[in-house]
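Undergrad: You'll find upload-v3.csv just under this line, and it carries CSV, C-alpha atoms.
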chain,number,residue,atom,x,y,z
A,1,MET,CA,-12.7,6.4,-15.8
A,2,ASP,CA,-12.2,6.2,-19.6
A,3,GLY,CA,-13.7,3.1,-21.2
A,4,LEU,CA,-15.5,2.0,-18.0
A,5,PRO,CA,-19.1,3.2,-18.4
A,6,PHE,CA,-20.4,0.5,-16.1
A,7,LEU,CA,-18.6,2.0,-13.1
A,8,VAL,CA,-18.9,5.7,-13.8
A,9,ASP,CA,-21.0,6.3,-10.8
A,10,GLN,CA,-18.5,4.8,-8.4
A,11,PRO,CA,-16.9,7.2,-5.8
A,12,PRO,CA,-13.1,7.7,-6.0
A,13,LEU,CA,-10.9,4.9,-4.8
A,14,ILE,CA,-9.2,4.8,-1.4
A,15,ASP,CA,-5.6,3.6,-1.9
A,16,GLY,CA,-4.8,1.6,1.2
A,17,TYR,CA,-1.0,1.5,0.7
A,18,SER,CA,1.6,3.4,-1.2
A,19,HIS,CA,4.9,5.3,-0.7
A,20,GLY,CA,4.6,8.5,-2.6
A,21,ALA,CA,6.0,9.9,-5.9
A,22,VAL,CA,9.4,11.2,-6.8
A,23,HIS,CA,10.3,14.9,-6.9
A,24,GLY,CA,12.1,16.4,-9.9
A,25,GLU,CA,12.5,15.7,-13.6
A,26,LEU,CA,13.1,12.2,-14.8
A,27,GLY,CA,15.1,11.4,-17.9
A,28,LEU,CA,14.8,8.1,-19.8
A,29,GLY,CA,17.5,6.4,-17.6
A,30,SER,CA,16.1,7.5,-14.2
A,31,PHE,CA,12.5,6.7,-15.4
A,32,GLU,CA,13.7,3.2,-16.4
A,33,THR,CA,15.3,2.7,-13.0
A,34,HIS,CA,12.0,3.4,-11.2
A,35,LEU,CA,10.1,1.3,-13.8
A,36,ALA,CA,12.6,-1.6,-13.2
A,37,THR,CA,11.7,-1.5,-9.5
A,38,ALA,CA,8.0,-1.6,-10.3
A,39,VAL,CA,8.4,-4.7,-12.4
A,40,GLY,CA,10.7,-6.4,-9.9
A,41,ALA,CA,13.8,-6.3,-12.1
A,42,HIS,CA,17.4,-5.5,-11.1
A,43,GLY,CA,19.8,-3.6,-13.3
A,44,PRO,CA,19.4,-2.3,-16.8
A,45,ALA,CA,17.1,-3.9,-19.3
A,46,PRO,CA,18.7,-6.3,-21.8
A,47,ALA,CA,20.4,-4.6,-24.8
A,48,GLY,CA,17.9,-3.4,-27.4
A,49,THR,CA,15.0,-3.6,-25.0
A,50,SER,CA,13.3,-1.4,-22.4
A,51,TYR,CA,11.3,-1.9,-19.2
A,52,PHE,CA,8.5,-0.2,-21.1
A,53,ASP,CA,8.4,-3.7,-22.7
A,54,SER,CA,6.5,-5.1,-19.7
A,55,LEU,CA,2.9,-5.2,-18.6
A,56,ILE,CA,3.3,-2.1,-16.4
A,57,GLY,CA,5.2,-0.4,-19.3
A,58,LEU,CA,2.3,-1.1,-21.7
A,59,ALA,CA,-0.2,0.1,-19.1
A,60,ILE,CA,1.7,3.4,-18.6
A,61,ARG,CA,1.7,3.9,-22.4
A,62,ARG,CA,-2.0,3.1,-22.6
A,63,TRP,CA,-3.4,5.2,-19.7
A,64,CYS,CA,-0.9,8.0,-18.9
A,65,PRO,CA,-0.3,9.8,-22.2
A,66,PRO,CA,-4.0,10.9,-22.5
A,67,LEU,CA,-3.7,12.5,-19.0
A,68,LEU,CA,-0.8,14.7,-20.4
A,69,GLY,CA,-2.6,15.5,-23.7
A,70,LEU,CA,-1.1,12.7,-25.9
A,71,GLU,CA,-2.6,9.8,-27.7
A,72,PRO,CA,-2.6,6.4,-26.1
A,73,HIS,CA,0.4,4.1,-26.9
A,74,CYS,CA,2.7,6.9,-28.0
A,75,PRO,CA,6.4,6.0,-28.0
A,76,PRO,CA,8.2,6.2,-24.6
A,77,ALA,CA,10.5,8.9,-25.9
A,78,ARG,CA,7.6,11.1,-26.9
A,79,TYR,CA,5.8,10.5,-23.6
A,80,LEU,CA,8.9,11.4,-21.6
A,81,ALA,CA,9.5,14.5,-23.8
A,82,ARG,CA,5.9,15.6,-23.1
A,83,ARG,CA,6.5,14.9,-19.4
A,84,ARG,CA,9.5,17.3,-19.4
A,85,GLU,CA,7.7,19.9,-21.5
A,86,VAL,CA,4.8,20.0,-18.9
A,87,GLY,CA,7.3,20.0,-16.0
A,88,ALA,CA,7.7,17.4,-13.3
A,89,TYR,CA,5.4,18.9,-10.7
A,90,LYS,CA,2.5,19.7,-13.1
A,91,ALA,CA,2.8,16.3,-14.8
A,92,GLY,CA,2.7,14.6,-11.5
A,93,ARG,CA,-0.3,16.6,-10.5
A,94,MET,CA,-2.1,15.8,-13.8
A,95,LEU,CA,-1.4,12.1,-13.4
A,96,LEU,CA,-2.5,11.9,-9.7
A,97,ARG,CA,-5.6,13.9,-10.4
A,98,GLY,CA,-6.5,11.6,-13.2
A,99,SER,CA,-5.9,8.4,-11.3
A,100,GLY,CA,-9.4,8.1,-9.8
A,101,ILE,CA,-8.0,7.9,-6.3
A,102,GLY,CA,-9.6,10.3,-3.8
A,103,THR,CA,-7.8,9.2,-0.6
A,104,PHE,CA,-4.2,8.0,-0.1
A,105,LEU,CA,-2.7,6.1,2.8
A,106,LEU,CA,1.0,6.8,2.6
A,107,GLU,CA,3.7,5.1,4.7
A,108,ALA,CA,5.3,7.9,6.7
A,109,GLY,CA,9.0,8.4,6.8
A,110,THR,CA,9.6,7.6,3.2
A,111,PRO,CA,12.8,8.8,1.6
A,112,SER,CA,13.0,12.6,1.1
A,113,ASP,CA,12.9,12.2,-2.7
A,114,LEU,CA,9.3,10.9,-2.4
A,115,THR,CA,6.2,13.0,-1.7
A,116,SER,CA,4.9,13.2,1.8
A,117,ALA,CA,1.2,12.7,2.6
A,118,THR,CA,0.7,16.5,2.7
A,119,GLU,CA,2.4,16.9,-0.7
A,120,ILE,CA,0.5,14.2,-2.4
A,121,ALA,CA,-2.8,15.5,-1.0
A,122,THR,CA,-2.0,18.9,-2.5
A,123,ALA,CA,-0.8,17.6,-5.8
A,124,ALA,CA,-3.8,15.2,-6.2
A,125,GLU,CA,-6.4,17.5,-4.8
A,126,ALA,CA,-7.3,14.6,-2.5
A,127,ARG,CA,-7.0,13.5,1.1
A,128,ALA,CA,-4.0,11.7,2.4
A,129,HIS,CA,-3.2,10.0,5.7
A,130,GLU,CA,0.0,8.7,7.3
A,131,VAL,CA,0.7,5.1,8.1
A,132,VAL,CA,3.7,4.8,10.5
A,133,ARG,CA,6.1,1.9,9.9
A,134,LEU,CA,7.2,0.4,13.2
A,135,GLU,CA,10.7,-0.7,12.4
A,136,PRO,CA,12.0,2.7,11.2
A,137,LEU,CA,10.4,4.2,14.2
A,138,ALA,CA,12.5,2.0,16.5
A,139,GLU,CA,15.6,2.6,14.4
A,140,GLN,CA,15.2,6.3,14.7
A,141,VAL,CA,14.9,6.0,18.5
A,142,ALA,CA,18.0,3.7,18.6
A,143,ASP,CA,20.1,6.3,16.8
A,144,THR,CA,19.7,8.6,19.8
A,145,SER,CA,19.5,6.1,22.7
A,146,GLY,CA,22.4,5.6,25.0
A,147,SER,CA,21.1,2.6,26.9
A,148,VAL,CA,18.6,-0.3,26.9
A,149,ASP,CA,16.4,1.5,29.3
A,150,SER,CA,16.3,4.7,27.3
A,151,PHE,CA,15.7,2.8,24.1
A,152,ILE,CA,12.7,0.9,25.5
A,153,GLY,CA,11.3,4.0,27.2
A,154,TYR,CA,11.7,6.3,24.2
A,155,THR,CA,10.3,3.7,21.8
A,156,ALA,CA,7.1,3.5,23.9
A,157,GLU,CA,6.9,7.3,23.9
A,158,ALA,CA,7.5,7.5,20.2
A,159,LEU,CA,4.8,4.9,19.5
A,160,TYR,CA,2.3,6.7,21.7
A,161,ALA,CA,3.1,10.0,20.0
A,162,ALA,CA,2.7,8.4,16.6
A,163,ALA,CA,-0.7,7.0,17.6
A,164,GLN,CA,-2.0,10.5,18.2
A,165,HIS,CA,-1.8,11.4,14.5
A,166,ALA,CA,-1.3,8.2,12.4
A,167,THR,CA,-4.2,6.5,10.7
A,168,ALA,CA,-2.5,3.1,11.1
A,169,PHE,CA,0.7,1.4,11.9
A,170,ALA,CA,2.6,-1.0,9.6
A,171,SER,CA,5.2,-3.7,9.9
A,172,GLY,CA,7.3,-5.9,7.7
A,173,ALA,CA,7.3,-8.7,10.2
A,174,THR,CA,7.6,-12.1,8.5
A,175,TYR,CA,6.7,-14.0,11.7
A,176,CYS,CA,5.0,-13.4,15.0
A,177,ASP,CA,3.8,-15.9,17.4
A,178,GLY,CA,0.7,-15.8,19.6
A,179,THR,CA,2.2,-14.2,22.8
A,180,ALA,CA,3.9,-10.9,23.5
A,181,PRO,CA,7.5,-11.2,24.5
A,182,GLU,CA,8.2,-10.9,28.2
A,183,ALA,CA,10.0,-7.8,29.5
A,184,GLY,CA,13.3,-9.7,30.1
A,185,GLU,CA,13.3,-11.1,26.5
A,186,VAL,CA,12.7,-7.6,25.2
A,187,ARG,CA,15.6,-6.2,27.2
A,188,ARG,CA,18.0,-8.9,26.1
A,189,ALA,CA,17.0,-8.4,22.5
A,190,ALA,CA,17.4,-4.7,22.8
A,191,ASP,CA,20.9,-5.1,24.4
A,192,ARG,CA,22.0,-7.5,21.6
A,193,TRP,CA,20.8,-5.2,18.9
A,194,LEU,CA,22.1,-1.9,20.4
A,195,ARG,CA,25.5,-3.4,21.0
A,196,ALA,CA,25.9,-4.8,17.5
A,197,ARG,CA,24.2,-2.1,15.4
A,198,ARG,CA,25.7,0.9,13.7
A,199,PRO,CA,23.6,4.1,12.9
A,200,GLY,CA,21.3,3.3,10.0
A,201,ASP,CA,21.2,-0.5,10.6
A,202,ARG,CA,17.8,-2.0,10.1
A,203,LEU,CA,16.0,-3.7,12.9
A,204,ALA,CA,16.5,-7.5,12.7
A,205,GLU,CA,15.7,-8.7,16.2
A,206,PRO,CA,12.6,-10.9,16.1
A,207,ALA,CA,11.7,-10.3,19.7
A,208,LEU,CA,11.8,-6.5,19.2
A,209,VAL,CA,9.6,-6.7,16.2
A,210,ARG,CA,7.1,-8.8,18.1
A,211,HIS,CA,7.3,-6.3,20.9
A,212,LEU,CA,6.5,-3.5,18.5
A,213,LEU,CA,3.6,-5.4,16.9
A,214,TRP,CA,2.0,-6.1,20.2
A,215,SER,CA,2.5,-2.6,21.4
A,216,ALA,CA,0.9,-1.2,18.2
A,217,VAL,CA,-2.1,-3.5,18.6
A,218,ALA,CA,-2.5,-2.2,22.1
A,219,THR,CA,-3.1,1.3,20.8
A,220,GLY,CA,-6.3,0.1,19.0
A,221,LEU,CA,-5.2,1.5,15.6
A,222,PRO,CA,-5.3,-0.7,12.5
A,223,VAL,CA,-2.0,-2.5,11.8
A,224,GLN,CA,-0.8,-3.3,8.2
A,225,LEU,CA,1.2,-6.5,8.0
A,226,HIS,CA,3.5,-6.6,5.0
A,227,GLY,CA,5.0,-10.1,5.4
A,228,PRO,CA,5.3,-11.6,1.9
A,229,ASP,CA,3.6,-14.9,3.0
A,230,PRO,CA,1.0,-14.3,5.7
A,231,ARG,CA,0.9,-17.9,7.0
A,232,PRO,CA,3.8,-17.5,9.5
A,233,LEU,CA,1.6,-14.8,11.1
A,234,ALA,CA,-1.4,-17.1,11.7
A,235,ALA,CA,-0.8,-17.5,15.5
A,236,PHE,CA,-0.6,-13.8,15.9
A,237,LEU,CA,-3.8,-13.3,14.0
A,238,ARG,CA,-5.6,-15.8,16.2
A,239,ALA,CA,-4.2,-14.3,19.4
A,240,THR,CA,-5.2,-10.8,18.6
A,241,ALA,CA,-8.9,-11.5,18.2
A,242,GLY,CA,-10.9,-9.3,20.5
A,243,VAL,CA,-8.1,-7.0,21.3
A,244,GLY,CA,-9.7,-4.1,19.4
A,245,SER,CA,-7.2,-3.5,16.6
A,246,ASP,CA,-8.0,-4.5,13.0
A,247,LEU,CA,-5.1,-6.2,11.0
A,248,VAL,CA,-4.7,-5.7,7.3
A,249,LEU,CA,-2.6,-8.3,5.3
A,250,LEU,CA,-0.6,-6.9,2.4
A,251,PRO,CA,1.2,-9.9,1.0
A,252,ALA,CA,3.4,-10.3,-2.0
A,253,ALA,CA,2.3,-12.3,-5.1
A,254,PRO,CA,1.4,-15.2,-5.2
A,255,HIS,CA,0.1,-15.1,-1.6
A,256,HIS,CA,-3.1,-13.0,-2.0
A,257,ARG,CA,-5.4,-16.0,-2.0
A,258,ARG,CA,-4.0,-17.2,1.2
A,259,ALA,CA,-4.3,-13.8,2.8
A,260,ALA,CA,-8.0,-13.6,1.7
A,261,GLN,CA,-8.6,-17.0,3.3
A,262,LEU,CA,-7.0,-15.8,6.6
A,263,ALA,CA,-9.2,-12.7,6.4
A,264,ALA,CA,-12.2,-14.8,6.0
A,265,ALA,CA,-11.3,-16.9,9.1
A,266,HIS,CA,-10.8,-14.0,11.5
A,267,ALA,CA,-13.3,-11.2,12.2
A,268,HIS,CA,-10.6,-8.6,12.8
A,269,VAL,CA,-8.4,-9.5,9.8
A,270,TYR,CA,-8.7,-7.9,6.3
A,271,ALA,CA,-6.6,-8.4,3.2
A,272,ASP,CA,-5.4,-6.6,0.1
A,273,ALA,CA,-7.5,-7.6,-3.0
A,274,GLY,CA,-4.4,-8.1,-5.0
A,275,PRO,CA,-3.7,-7.9,-8.7
A,276,ARG,CA,-6.4,-10.5,-9.5
A,277,PRO,CA,-9.5,-9.6,-7.4
A,278,GLU,CA,-11.4,-12.4,-9.1
A,279,GLU,CA,-9.3,-14.9,-7.1
A,280,THR,CA,-9.4,-13.1,-3.7
A,281,LEU,CA,-13.2,-12.4,-3.9
A,282,ALA,CA,-13.7,-16.1,-4.2
A,283,GLN,CA,-11.9,-16.7,-1.0
A,284,ALA,CA,-13.3,-14.1,1.4
A,285,PRO,CA,-16.5,-12.1,2.0
A,286,PHE,CA,-16.3,-9.0,-0.1
A,287,GLY,CA,-16.3,-6.7,2.9
A,288,LYS,CA,-12.9,-8.2,4.0
A,289,LEU,CA,-11.0,-7.0,1.0
A,290,LEU,CA,-9.5,-3.6,0.1
A,291,PHE,CA,-7.8,-2.0,-2.9
A,292,SER,CA,-4.2,-0.7,-2.8
A,293,SER,CA,-1.9,0.5,-5.5
A,294,GLY,CA,1.4,-0.2,-3.7
A,295,ALA,CA,2.8,2.7,-5.8
A,296,ARG,CA,6.3,3.9,-5.2
A,297,GLY,CA,8.3,6.5,-7.1
A,298,LEU,CA,6.4,7.1,-10.4
A,299,PRO,CA,3.1,8.9,-10.2
A,300,GLU,CA,2.2,6.8,-13.2
A,301,LEU,CA,2.0,3.8,-10.9
A,302,TYR,CA,-1.0,5.2,-9.1
A,303,VAL,CA,-2.8,5.5,-12.5
A,304,THR,CA,-1.9,2.0,-13.6
A,305,GLY,CA,-2.7,0.4,-10.2
A,306,ALA,CA,-6.1,2.1,-10.1
A,307,ARG,CA,-6.9,1.2,-13.8
A,308,PHE,CA,-5.9,-2.4,-13.4
A,309,PHE,CA,-8.1,-2.8,-10.3
A,310,VAL,CA,-11.1,-1.1,-11.7
A,311,ARG,CA,-10.9,-3.0,-15.0
A,312,ALA,CA,-10.6,-6.3,-13.2
A,313,MET,CA,-13.6,-5.5,-11.0
A,314,GLU,CA,-15.6,-4.4,-14.1
A,315,ARG,CA,-14.8,-7.6,-15.9
A,316,LEU,CA,-15.8,-9.7,-12.8
A,317,VAL,CA,-19.0,-7.9,-12.1
A,318,ARG,CA,-20.0,-8.0,-15.8
A,319,GLU,CA,-19.4,-11.7,-15.8
A,320,TRP,CA,-21.5,-12.2,-12.6
A,321,THR,CA,-24.4,-10.0,-13.9
A,322,THR,CA,-24.3,-11.7,-17.3
A,323,GLU,CA,-24.6,-15.1,-15.6
A,324,GLY,CA,-27.4,-13.8,-13.4
A,325,LEU,CA,-25.3,-14.3,-10.2
A,326,CYS,CA,-26.0,-10.8,-9.1
A,327,GLY,CA,-27.9,-7.7,-10.3
A,328,PRO,CA,-26.3,-4.5,-11.5
A,329,GLU,CA,-26.9,-2.7,-8.3
A,330,ASP,CA,-25.3,-5.5,-6.3
A,331,GLY,CA,-22.3,-5.3,-8.6
A,332,ARG,CA,-21.9,-1.6,-8.0
A,333,ARG,CA,-22.3,-2.1,-4.2
A,334,ILE,CA,-19.6,-4.9,-4.2
A,335,THR,CA,-17.2,-2.8,-6.2
A,336,GLU,CA,-17.7,0.3,-3.9
A,337,MET,CA,-17.1,-2.0,-0.9
A,338,VAL,CA,-13.7,-3.2,-2.1
A,339,ALA,CA,-12.7,0.1,-3.8
A,340,SER,CA,-13.4,2.4,-0.8
A,341,GLY,CA,-16.1,1.3,1.6
A,342,THR,CA,-14.1,-1.3,3.6
A,343,ALA,CA,-11.1,1.0,3.8
A,344,ARG,CA,-13.3,3.8,5.1
A,345,ARG,CA,-14.6,1.5,7.8
A,346,VAL,CA,-11.3,-0.2,8.8
A,347,TYR,CA,-9.2,3.0,8.9
A,348,ARG,CA,-12.0,5.0,10.5
A,349,LEU,CA,-12.0,7.6,7.8
A,350,GLY,CA,-15.7,8.3,8.3
A,351,ALA,CA,-17.2,11.5,7.0
A,352,GLU,CA,-13.8,12.9,6.0
A,353,ALA,CA,-13.3,10.2,3.3
A,354,THR,CA,-16.9,10.4,2.3
A,355,ALA,CA,-16.5,14.2,1.7
A,356,ALA,CA,-13.5,13.5,-0.4
A,357,CYS,CA,-15.6,11.3,-2.6
Output the file's structure in the form of structure tokens.

TA:
Amino acid sequence: MDGLPFLVDQPPLIDGYSHGAVHGELGLGSFETHLATAVGAHGPAPAGTSYFDSLIGLAIRRWCPPLLGLEPHCPPARYLARRREVGAYKAGRMLLRGSGIGTFLLEAGTPSDLTSATEIATAAEARAHEVVRLEPLAEQVADTSGSVDSFIGYTAEALYAAAQHATAFASGATYCDGTAPEAGEVRRAADRWLRARRPGDRLAEPALVRHLLWSAVATGLPVQLHGPDPRPLAAFLRATAGVGSDLVLLPAAPHHRRAAQLAAAHAHVYADAGPRPEETLAQAPFGKLLFSSGARGLPELYVTGARFFVRAMERLVREWTTEGLCGPEDGRRITEMVASGTARRVYRLGAEATAAC
């Protein structure tokens, strides 16, 4: 990666979580809409400003123009004009191939305007694997189920079928206690939800979410947990020790430190390294933390996510080596562990991911 000579011998990153990139051309307005989502904003930027006036906006202008043949920090209008000149597909391909990511874990069932795992693998000349989100899986089954019995049965079948090809499951559960719900509780929850819902309604029955989580853990596949604050999941983390499924915490800021602490406390729990790996690496063994970009929509977000992570790791390792806390070889090994090695082990990517590197 440009400007990072200390880590030039590192293998490509494994991106543990993202949603894919948009299809089609993007004008200034549509690009700004996706950029607003990335910075956590709603609605248009204040008059006379742009969402390029943000840390992510600055990062895009710094690292993405050179991948399209422009100088760093060029004006947004010039960058977007070059993007259109190159063409949406080719520009996305150039950005993804320049991101430094060699393997992508994409949440399956993303909106049709976003690339699938197969599409992003082709565009990036990389490997990509599907992560199946549990709630949409149940919602799809509910749309075609005529009774509680058929919903419960078809959900079990769909989950089993998904486990045959998925690399992991994922859930947005914000709470789960330490026991699986009993069959009667699941039936009552399914009955309430099916009676009240309309096609397209999101799953909001806690007992059904718990049922899905425990069912996913029973498959033995890793399960990603996207609850913003992982603390309400603590009982579930304790109760699933020894079951055989690894759990990966993907919290929202500012909860990455707490996620790292929970990963340190449980042998089968891992955590996203977050935007400030210097904080999370102080809270957990290095082999319990993983990189993810969380990118959605703009292929530029894969570039910026990877660059932010690698630069943060480089600064941290340089500080440690300068202080004599570790040697250069240890620094490289630690970086490789968080950047790709732990993900390869947790998601059982094995020789396939190694070949991609």

Undergrad: I'd like a table as CSV: residues in segment 25-98 of chain A with an atom no more than 12 Å from segment 109-129 of chain A, each row giving the shortest atom pair and its distance in Å to one decimal, all atoms listed in the file counted, sorted by chain and rising residue number.

TA:
residue,atom,partner,partner_atom,distance
A:Glu25,CA,A:Asp113,CA,11.5
A:His34,CA,A:Leu114,CA,11.9
A:Ala88,CA,A:Ala123,CA,11.3
A:Tyr89,CA,A:Ala123,CA,8.0
A:Lys90,CA,A:Ala123,CA,8.3
A:Ala91,CA,A:Ala123,CA,9.8
A:Gly92,CA,A:Ala123,CA,7.3
A:Arg93,CA,A:Ala123,CA,4.8
A:Met94,CA,A:Ala124,CA,7.8
A:Leu95,CA,A:Ala124,CA,8.2
A:Leu96,CA,A:Ala124,CA,5.0
A:Arg97,CA,A:Ala124,CA,4.8
A:Gly98,CA,A:Ala124,CA,8.3

Undergrad: So which residues touch Leu106 of chain A within 6 Å, counting all atoms listed in the file, skipping near sequence neighbours fewer than 3 positions away, as a compact mmCIF listing (two decimals) with C-alpha atoms, in the coordinates of the input?

TA:
# COMPACT_ATOMS: atom_id res chain seq x y z
CA TYR A 17 -1.00 1.50 0.70
CA SER A 18 1.60 3.40 -1.20
CA HIS A 19 4.90 5.30 -0.70
CA ALA A 117 1.20 12.70 2.60
CA GLU A 130 0.00 8.70 7.30
CA VAL A 131 0.70 5.10 8.10

Undergrad: Near segment 198-203 of chain A, within 10 Å and counting only C-alpha atoms, which residues show up once chain neighbours fewer than 2 positions away are dropped, as a VMD selection string?

TA: chain A and resid 134 to 140 142 to 144 193 to 196 205 to 206 208 to 209

Undergrad: Can you tell me which residues surround segment 145-159 of chain A at a distance of at most 7 Å, considering all atoms listed in the file, apart from same-chain residues fewer than 5 positions away, and format the answer as a ChimeraX atom specification?

TA: /A:138,187,190-191

Undergrad: Rounded to one decimal in Å, what is the spacing between atom CA of Phe286 of chain A and atom CA of Gly242 of chain A?

TA: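 Taking atom CA of Phe286 of chain A and atom CA of Gly242 of chain A, their separation equals 21.3 Å.
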
Undergrad: Report, in Å to a single decimal, how far apart atom CA of Leu281 of chain A and atom CA of Glu329 of chain A are.

TA: 17.4 Å

Undergrad: Using all atoms listed in the file, which of A:Thr280, A:Thr219, A:Thr304, A:Thr49 sits nearest Ala162 of chain A?

TA: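 Using all atoms listed in the file, Ala162 of chain A sits closest to A:Thr219.
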
Undergrad: Using all atoms listed in the file, can you tell me which of A:Ala161, A:Ile334, A:Leu262, A:Val310 comes closest to Pro12 of chain A?

TA: A:Val310

Undergrad: Give me the residues near Ala59 of chain A as number ranges by chain, where near means some atom within 10 Å (using all atoms listed in the file) and where sequence neighbours in that chain fewer than 4 positions away do not count.

TA: A: 52, 54-55, 63-64, 72-73, 300-301, 303-305, 307-308

Undergrad: Filtering to C-alpha atoms, could you give me those residues as a PDB file, in the frame of the given file?

TA:
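Okay, selection-v7.pdb is ready:
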ATOM      1  CA  PHE A  52       8.500  -0.200 -21.100  1.00  0.00           C
ATOM      2  CA  SER A  54       6.500  -5.100 -19.700  1.00  0.00           C
ATOM      3  CA  LEU A  55       2.900  -5.200 -18.600  1.00  0.00           C
ATOM      4  CA  TRP A  63      -3.400   5.200 -19.700  1.00  0.00           C
ATOM      5  CA  CYS A  64      -0.900   8.000 -18.900  1.00  0.00           C
ATOM      6  CA  PRO A  72      -2.600   6.400 -26.100  1.00  0.00           C
ATOM      7  CA  HIS A  73       0.400   4.100 -26.900  1.00  0.00           C
ATOM      8  CA  GLU A 300       2.200   6.800 -13.200  1.00  0.00           C
ATOM      9  CA  LEU A 301       2.000   3.800 -10.900  1.00  0.00           C
ATOM     10  CA  VAL A 303      -2.800   5.500 -12.500  1.00  0.00           C
ATOM     11  CA  THR A 304      -1.900   2.000 -13.600  1.00  0.00           C
ATOM     12  CA  GLY A 305      -2.700   0.400 -10.200  1.00  0.00           C
ATOM     13  CA  ARG A 307      -6.900   1.200 -13.800  1.00  0.00           C
ATOM     14  CA  PHE A 308      -5.900  -2.400 -13.400  1.00  0.00           C
TER      15      PHE A 308
END

Undergrad: Mind pulling up the distance from atom CA of Ala267 of chain A to atom CA of Ala180 of chain A?

TA: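 Separation between atom CA of Ala180 of chain A and atom CA of Ala267 of chain A: 20.6 Å.
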
Undergrad: Using all atoms listed in the file, which of the listed residues (A:Ser30, A:Thr174, A:Thr179, A:Thr322) sits closest to Leu250 of chain A?

TA: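 Looking at the shortest contact to Leu250 of chain A, the residue is A:Thr174.
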